[in-house]
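I have placed the structure first, in the form of structure tokens, so that the comments after it can refer back to it.
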Amino acid sequence: MTDVNLPFETDEPAPQRGFRLGLGSVVLLVGIVLVAVVFGIALLQRNQTQPTAGPAPDFTLTTLDGETYRLADLKGQVVVINFWASWCGPCRVEAPALERVWQRYQNQGVTFLGVAYTDTERGAREFIAQYSQTYPNGLDLGTKISDMYNIQGVPETFIVNQRGEVVEFIMQQVNEAQLSAILDRVLATGA
């Protein structure tokens with residue numbers, strides 16, 4: 001008989017079958033998991049860091065017209081604090097609605113304060129003129145106010161009740177119906 005090796009007949013152990021990850025795949029998988037964890041933590045912190053209830057951080061805003069407003073001095077009124085920027089597309093969309101709501105509520109115990117976030121004076125003035133904004137607006141020099149409110153981006157809007165407490169936080173552009181409904185509720189109930 002001849003010594004013939006047939007296929008699959010060998011003295012070597014059969015290779016093990018199964019799923020194996022190479023080093024590159026393991027590194028990629030660990031990277032994806034780390035990114036997901038960091039993103040998740042950032043989202044949790046983002047939602048936890050902005051004041052959404054309780055006393056509103058006090059600040060002083062000097063408007064582009066040279067007037068000075070201190071939030072603590074506005075107790076007894078409902079205050080709408082809107083963080084915006086001239087370079088922000090959604091801010092441009094909400095600007096007309098903010099002005100219309102301001103016009104409707106300014107004589108009902110409501111004050112609006114526009115806070116220009118990381119903007120230039122020229123850009124802010126052009127924005128205010130373009131959208132005919134008549135409520136007080138000022139630059140957040142050194143991002144001091146936005147740091148107190150932990151702004152993550154613009155637009156962001158805070159509603160402060162007559163007792164100086166944040167009762168609503170809106171992390172997107174507002175519309176007229178939404179803001180009017182919130183103001184009606186806060187004026188009626190304080191909450």
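Chain lettering (A, B, ...) mirrors the order of the structure tokens, residue numbering begins at 1 for each chain separately, and ligand numbering begins at 1 in order of display.
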
Which residues are close to A:Trp87, i.e. within 9 Å by only C-alpha atoms, leaving aside same-chain residues fewer than 4 positions away? Reply as a compact mmCIF listing (two decimals) with C-alpha atoms, in the first residue's frame.
```
# COMPACT_ATOMS: atom_id res chain seq x y z
CA CYS A 91 -31.48 82.35 17.10
CA ARG A 92 -32.40 84.14 13.88
CA ASP A 119 -20.59 87.63 20.10
CA GLY A 123 -22.60 91.49 15.22
CA PHE A 127 -28.73 91.36 14.74
```

Task: DSSP-assigned helix (DSSP H, G or I) members of stretch 46-186 of chain A, reported as a PyMOL selection string - done: chain A and resi 46-49+71-74+89-105+121-130+141-148+176-186

Just N, CA and C atoms for this one: save the residues we selected as a compact mmCIF listing (two decimals), in the first residue's frame.
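Wrote out.txt, looks like this:
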```
# COMPACT_ATOMS: atom_id res chain seq x y z
N ARG A 46 -24.85 67.73 31.17
CA ARG A 46 -25.50 68.84 30.47
C ARG A 46 -26.89 69.08 31.04
N ASN A 47 -27.63 68.03 31.27
CA ASN A 47 -28.98 68.16 31.79
C ASN A 47 -28.98 68.53 33.27
N GLN A 48 -27.91 68.20 33.98
CA GLN A 48 -27.88 68.45 35.41
C GLN A 48 -27.26 69.80 35.76
N THR A 49 -26.52 70.40 34.84
CA THR A 49 -25.77 71.58 35.22
C THR A 49 -26.53 72.88 35.04
N LEU A 71 -30.50 91.06 37.90
CA LEU A 71 -31.63 90.12 38.00
C LEU A 71 -32.32 90.22 39.36
N ALA A 72 -31.57 90.34 40.44
CA ALA A 72 -32.16 90.41 41.78
C ALA A 72 -33.09 91.60 41.92
N ASP A 73 -32.82 92.68 41.18
CA ASP A 73 -33.67 93.87 41.24
C ASP A 73 -34.99 93.68 40.50
N LEU A 74 -35.12 92.61 39.76
CA LEU A 74 -36.33 92.37 38.96
C LEU A 74 -37.33 91.44 39.66
N GLY A 89 -28.00 80.30 13.67
CA GLY A 89 -29.16 80.17 12.79
C GLY A 89 -30.48 80.06 13.53
N PRO A 90 -30.61 79.13 14.52
CA PRO A 90 -31.86 79.02 15.25
C PRO A 90 -32.22 80.31 16.02
N CYS A 91 -31.21 81.08 16.42
CA CYS A 91 -31.48 82.35 17.10
C CYS A 91 -32.17 83.32 16.15
N ARG A 92 -31.78 83.28 14.89
CA ARG A 92 -32.40 84.14 13.88
C ARG A 92 -33.85 83.73 13.63
N VAL A 93 -34.11 82.43 13.71
CA VAL A 93 -35.47 81.94 13.51
C VAL A 93 -36.37 82.38 14.66
N GLU A 94 -35.87 82.33 15.90
CA GLU A 94 -36.71 82.65 17.05
C GLU A 94 -36.81 84.15 17.33
N ALA A 95 -35.92 84.96 16.78
CA ALA A 95 -35.88 86.39 17.11
C ALA A 95 -37.22 87.10 16.89
N PRO A 96 -37.90 86.92 15.76
CA PRO A 96 -39.19 87.60 15.57
C PRO A 96 -40.24 87.18 16.61
N ALA A 97 -40.25 85.90 16.97
CA ALA A 97 -41.21 85.42 17.97
C ALA A 97 -40.93 86.04 19.33
N LEU A 98 -39.66 86.13 19.69
CA LEU A 98 -39.32 86.75 20.98
C LEU A 98 -39.79 88.20 21.02
N GLU A 99 -39.58 88.93 19.95
CA GLU A 99 -40.01 90.34 19.93
C GLU A 99 -41.53 90.45 20.02
N ARG A 100 -42.25 89.60 19.30
CA ARG A 100 -43.73 89.65 19.37
C ARG A 100 -44.23 89.35 20.77
N VAL A 101 -43.64 88.34 21.42
CA VAL A 101 -44.07 87.99 22.78
C VAL A 101 -43.70 89.12 23.74
N TRP A 102 -42.54 89.71 23.58
CA TRP A 102 -42.15 90.85 24.40
C TRP A 102 -43.15 91.99 24.27
N GLN A 103 -43.54 92.30 23.04
CA GLN A 103 -44.49 93.38 22.82
C GLN A 103 -45.82 93.11 23.52
N ARG A 104 -46.22 91.86 23.52
CA ARG A 104 -47.51 91.49 24.11
C ARG A 104 -47.47 91.48 25.65
N TYR A 105 -46.34 91.11 26.25
CA TYR A 105 -46.28 90.91 27.71
C TYR A 105 -45.53 91.98 28.48
N GLU A 121 -19.71 93.14 19.47
CA GLU A 121 -20.68 94.24 19.60
C GLU A 121 -21.29 94.56 18.25
N ARG A 122 -20.47 94.58 17.23
CA ARG A 122 -20.98 94.89 15.89
C ARG A 122 -22.02 93.85 15.44
N GLY A 123 -21.68 92.56 15.60
CA GLY A 123 -22.60 91.49 15.22
C GLY A 123 -23.91 91.56 15.99
N ALA A 124 -23.79 91.83 17.30
CA ALA A 124 -24.99 91.91 18.14
C ALA A 124 -25.86 93.09 17.74
N ARG A 125 -25.24 94.23 17.51
CA ARG A 125 -26.02 95.42 17.12
C ARG A 125 -26.72 95.21 15.78
N GLU A 126 -26.04 94.59 14.83
CA GLU A 126 -26.65 94.31 13.52
C GLU A 126 -27.83 93.36 13.66
N PHE A 127 -27.66 92.33 14.49
CA PHE A 127 -28.73 91.36 14.74
C PHE A 127 -29.95 92.06 15.34
N ILE A 128 -29.73 92.87 16.37
CA ILE A 128 -30.82 93.59 17.04
C ILE A 128 -31.54 94.51 16.06
N ALA A 129 -30.78 95.19 15.22
CA ALA A 129 -31.40 96.09 14.23
C ALA A 129 -32.17 95.29 13.18
N GLN A 130 -31.57 94.20 12.71
CA GLN A 130 -32.22 93.40 11.67
C GLN A 130 -33.56 92.86 12.14
N LEU A 141 -19.82 89.69 28.36
CA LEU A 141 -18.37 89.86 28.29
C LEU A 141 -17.67 88.81 29.17
N GLY A 142 -16.75 88.10 28.58
CA GLY A 142 -16.03 87.06 29.32
C GLY A 142 -16.87 85.84 29.64
N THR A 143 -18.02 85.72 29.04
CA THR A 143 -18.99 84.63 29.26
C THR A 143 -19.30 84.40 30.76
N LYS A 144 -19.27 85.46 31.54
CA LYS A 144 -19.55 85.33 32.98
C LYS A 144 -20.98 84.87 33.25
N ILE A 145 -21.94 85.47 32.54
CA ILE A 145 -23.35 85.11 32.78
C ILE A 145 -23.62 83.71 32.25
N SER A 146 -23.16 83.42 31.05
CA SER A 146 -23.40 82.09 30.48
C SER A 146 -22.71 81.00 31.28
N ASP A 147 -21.58 81.30 31.91
CA ASP A 147 -20.94 80.32 32.78
C ASP A 147 -21.79 80.05 34.01
N MET A 148 -22.41 81.10 34.56
CA MET A 148 -23.30 80.91 35.73
C MET A 148 -24.48 80.01 35.39
N GLU A 176 -43.53 81.31 19.41
CA GLU A 176 -44.44 82.25 20.06
C GLU A 176 -45.49 81.55 20.92
N ALA A 177 -46.11 80.50 20.41
CA ALA A 177 -47.15 79.80 21.17
C ALA A 177 -46.57 79.17 22.43
N GLN A 178 -45.42 78.54 22.30
CA GLN A 178 -44.79 77.88 23.44
C GLN A 178 -44.45 78.89 24.54
N LEU A 179 -43.81 79.98 24.16
CA LEU A 179 -43.39 80.98 25.15
C LEU A 179 -44.60 81.67 25.77
N SER A 180 -45.61 81.96 24.97
CA SER A 180 -46.83 82.60 25.50
C SER A 180 -47.52 81.69 26.52
N ALA A 181 -47.60 80.41 26.23
CA ALA A 181 -48.24 79.46 27.15
C ALA A 181 -47.47 79.40 28.48
N ILE A 182 -46.15 79.40 28.40
CA ILE A 182 -45.35 79.37 29.62
C ILE A 182 -45.56 80.64 30.43
N LEU A 183 -45.53 81.79 29.76
CA LEU A 183 -45.71 83.06 30.48
C LEU A 183 -47.10 83.16 31.09
N ASP A 184 -48.13 82.73 30.39
CA ASP A 184 -49.48 82.74 30.95
C ASP A 184 -49.54 81.91 32.23
N ARG A 185 -48.93 80.74 32.17
CA ARG A 185 -48.92 79.85 33.34
C ARG A 185 -48.17 80.48 34.51
N VAL A 186 -46.99 81.02 34.25
CA VAL A 186 -46.18 81.59 35.32
C VAL A 186 -46.83 82.84 35.89
```

Task: Nearest residue to A:Pro57 from the set A:Val160, A:Leu187, A:Val174, A:Leu28 (distances using only C-alpha atoms) - done: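 Of the candidates, the smallest distance to A:Pro57 is held by A:Val160.
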
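Take the candidates A:Thr189, A:Asn150, A:Asn107, A:Thr118 and check each one against A:Trp84 using only C-alpha atoms; the shortest distance goes to A:Thr118.
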
- [ ] Could you give me the residues within stretch 105-183 of chain A that DSSP places in strand (DSSP E), as number ranges by chain?
- [x] A: 110-116, 137-139, 156-160, 165-170

Task: Residue with smallest distance to A:Phe158 - pool A:Asn137, A:Gln106, A:Thr52, A:Gln77, counting only C-alpha atoms - done: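 Answer, going by the shortest atom-to-atom distance: A:Thr52.
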
TODO: In Å, rounded to a single decimal, give me how far atom CA of A:Asn82 is from atom CA of A:Ala116.
DONE: 8.4 Å

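The smallest atom-to-atom distance between A:Val80 and any of A:Ile170, A:Asp65, A:Gln152, A:Ala188, using only C-alpha atoms, is found for A:Ile170.
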
- [ ] Find the residue from A:Ser132, A:Thr120, A:Thr111, A:Thr157 that sits nearest to A:Arg70; use only C-alpha atoms when measuring.
- [x]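 Nearest candidate to A:Arg70 out of A:Ser132, A:Thr120, A:Thr111, A:Thr157: A:Thr111.
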
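Take the candidates A:Gly114, A:Pro155, A:Gly190, A:Gly164 and check each one against A:Leu64 using only C-alpha atoms; the shortest distance goes to A:Gly114.
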
Open item on the list: One number please: atom CA of A:Pro51 to atom CA of A:Tyr149, in Å, one decimal.
Closed with: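 Atom CA of A:Tyr149 lies 6.3 Å from atom CA of A:Pro51.
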